[in-house]
Amino acid sequence: MASRTNFWRVAFVASTMILGMGEALADRIAHPIAIFSGLDKITGRIVSFEVSIDETIEFGALLVTPKVCYTRPTTEPQNTTSFIEVDETTVTGETKRLFGGWIFASSPGLSGVEHPIYDVWLIGCKGGSVVIRDAPDAAPAKSGDPALDPAKKPAEKSPTP
């Protein structure tokens with residue numbers, strides 16, 4: 001009887017934690033400035049720099065453009081993320097995309113900018129104070145974009161055996 005009581009007690013605590021974490025992790029704070037560090041592997045110089053959202057800064061031959069920078073409220077586990085685009089200016093003056101995606105301050109090696117001469121990683125965000133609450137049961141956007149509106153997604157075809 002005691003083991004059955006312990007099972008239900010553990011199940012209740014686990015479900016409470018999971019349900020509570022689902023809503024808490026949806027909250028985020030949008031910031032107007034992303035803070036990066038960059039390493040020049042040839043000179044060994046590390047430089048910290050701040051970039052406004054949707055603006056581009058040049059670090060060596062790299063052009064770094066943050067699109068968003070989010071943190072979590074202080075009452076939640078910290079998770080600083082940014083969606084960035086990194087282009088390289090070649091010797092001929094052409095620009096080619098090296099990286100476009102999410103980077104995480106807590107795990108710079110998870111999805112970082114890979115370049116033979118330069119490393120760029122996210123340090124943090126600053127300037128924001130408005131909490132964005134993403135309600136998990138919110139109605140989908142009515143933009144007509146199937147990626148945003150699951151009701152308008154085309155039916156997935158099952159693979160033929």
# chains A, B, ... in the order shown; residues from 1 in each chain; ligands from 1

$ residues_around --residues "Thr80 of chain A" --least-positions-apart "6" --cutoff "10 Å" --atoms "only C-alpha atoms" --output "NGL selection string"
:A and (28-29 or 34 or 69-72 or 103-107 or 122-125)

$ residues_around --residues "Glu94 of chain A" --least-positions-apart "3" --cutoff "12 Å" --atoms "only C-alpha atoms" --output "PyMOL selection string"
chain A and resi 61-63+87-91+97

$ residues_around --residues "Ser52 of chain A" --least-positions-apart "5" --cutoff "8 Å" --atoms "only C-alpha atoms" --output "PyMOL selection string"
chain A and resi 32-34+66

$ closest_residue --among "A:Ala30, A:Pro73, A:Gln78, A:Asp119" --to "Ile46 of chain A" --atoms "only C-alpha atoms"
A:Asp119

$ atom_distance --atom1 "atom CA of Ile57 of chain A" --atom2 "atom CA of Phe83 of chain A"
14.8 Å

$ atom_distance --atom1 "atom CA of Gly100 of chain A" --atom2 "atom CA of Val86 of chain A"
6.3 Å

$ closest_residue --among "A:Val51, A:Ser37, A:Pro77, A:Lys126" --to "Pro108 of chain A" --atoms "only C-alpha atoms"
A:Ser37

$ atom_distance --atom1 "atom CA of Asp40 of chain A" --atom2 "atom CA of Gly128 of chain A"
29.5 Å

$ residues_around --residues "Phe99 of chain A" --least-positions-apart "6" --cutoff "9 Å" --atoms "only C-alpha atoms" --output "PDB file with N, CA and C atoms, in the first residue's frame"
ATOM      1  N   ILE A  84      20.268  34.852 -35.715  1.00  0.00           N
ATOM      2  CA  ILE A  84      21.214  35.727 -36.411  1.00  0.00           C
ATOM      3  C   ILE A  84      21.479  35.229 -37.823  1.00  0.00           C
ATOM      4  N   GLU A  85      21.955  36.149 -38.632  1.00  0.00           N
ATOM      5  CA  GLU A  85      22.450  35.824 -39.962  1.00  0.00           C
ATOM      6  C   GLU A  85      23.883  36.316 -40.030  1.00  0.00           C
ATOM      7  N   VAL A  86      24.776  35.469 -40.523  1.00  0.00           N
ATOM      8  CA  VAL A  86      26.186  35.830 -40.645  1.00  0.00           C
ATOM      9  C   VAL A  86      26.601  35.606 -42.094  1.00  0.00           C
ATOM     10  N   ASP A  87      27.097  36.664 -42.715  1.00  0.00           N
ATOM     11  CA  ASP A  87      27.597  36.607 -44.080  1.00  0.00           C
ATOM     12  C   ASP A  87      29.093  36.859 -44.062  1.00  0.00           C
ATOM     13  N   GLY A 112      26.920  27.187 -33.492  1.00  0.00           N
ATOM     14  CA  GLY A 112      27.690  28.416 -33.584  1.00  0.00           C
ATOM     15  C   GLY A 112      28.130  28.709 -34.994  1.00  0.00           C
ATOM     16  N   VAL A 113      28.800  29.822 -35.128  1.00  0.00           N
ATOM     17  CA  VAL A 113      29.315  30.245 -36.418  1.00  0.00           C
ATOM     18  C   VAL A 113      30.666  29.569 -36.620  1.00  0.00           C
ATOM     19  N   GLU A 114      30.769  28.735 -37.640  1.00  0.00           N
ATOM     20  CA  GLU A 114      32.012  28.023 -37.920  1.00  0.00           C
ATOM     21  C   GLU A 114      32.743  28.712 -39.062  1.00  0.00           C
TER      22      GLU A 114
END
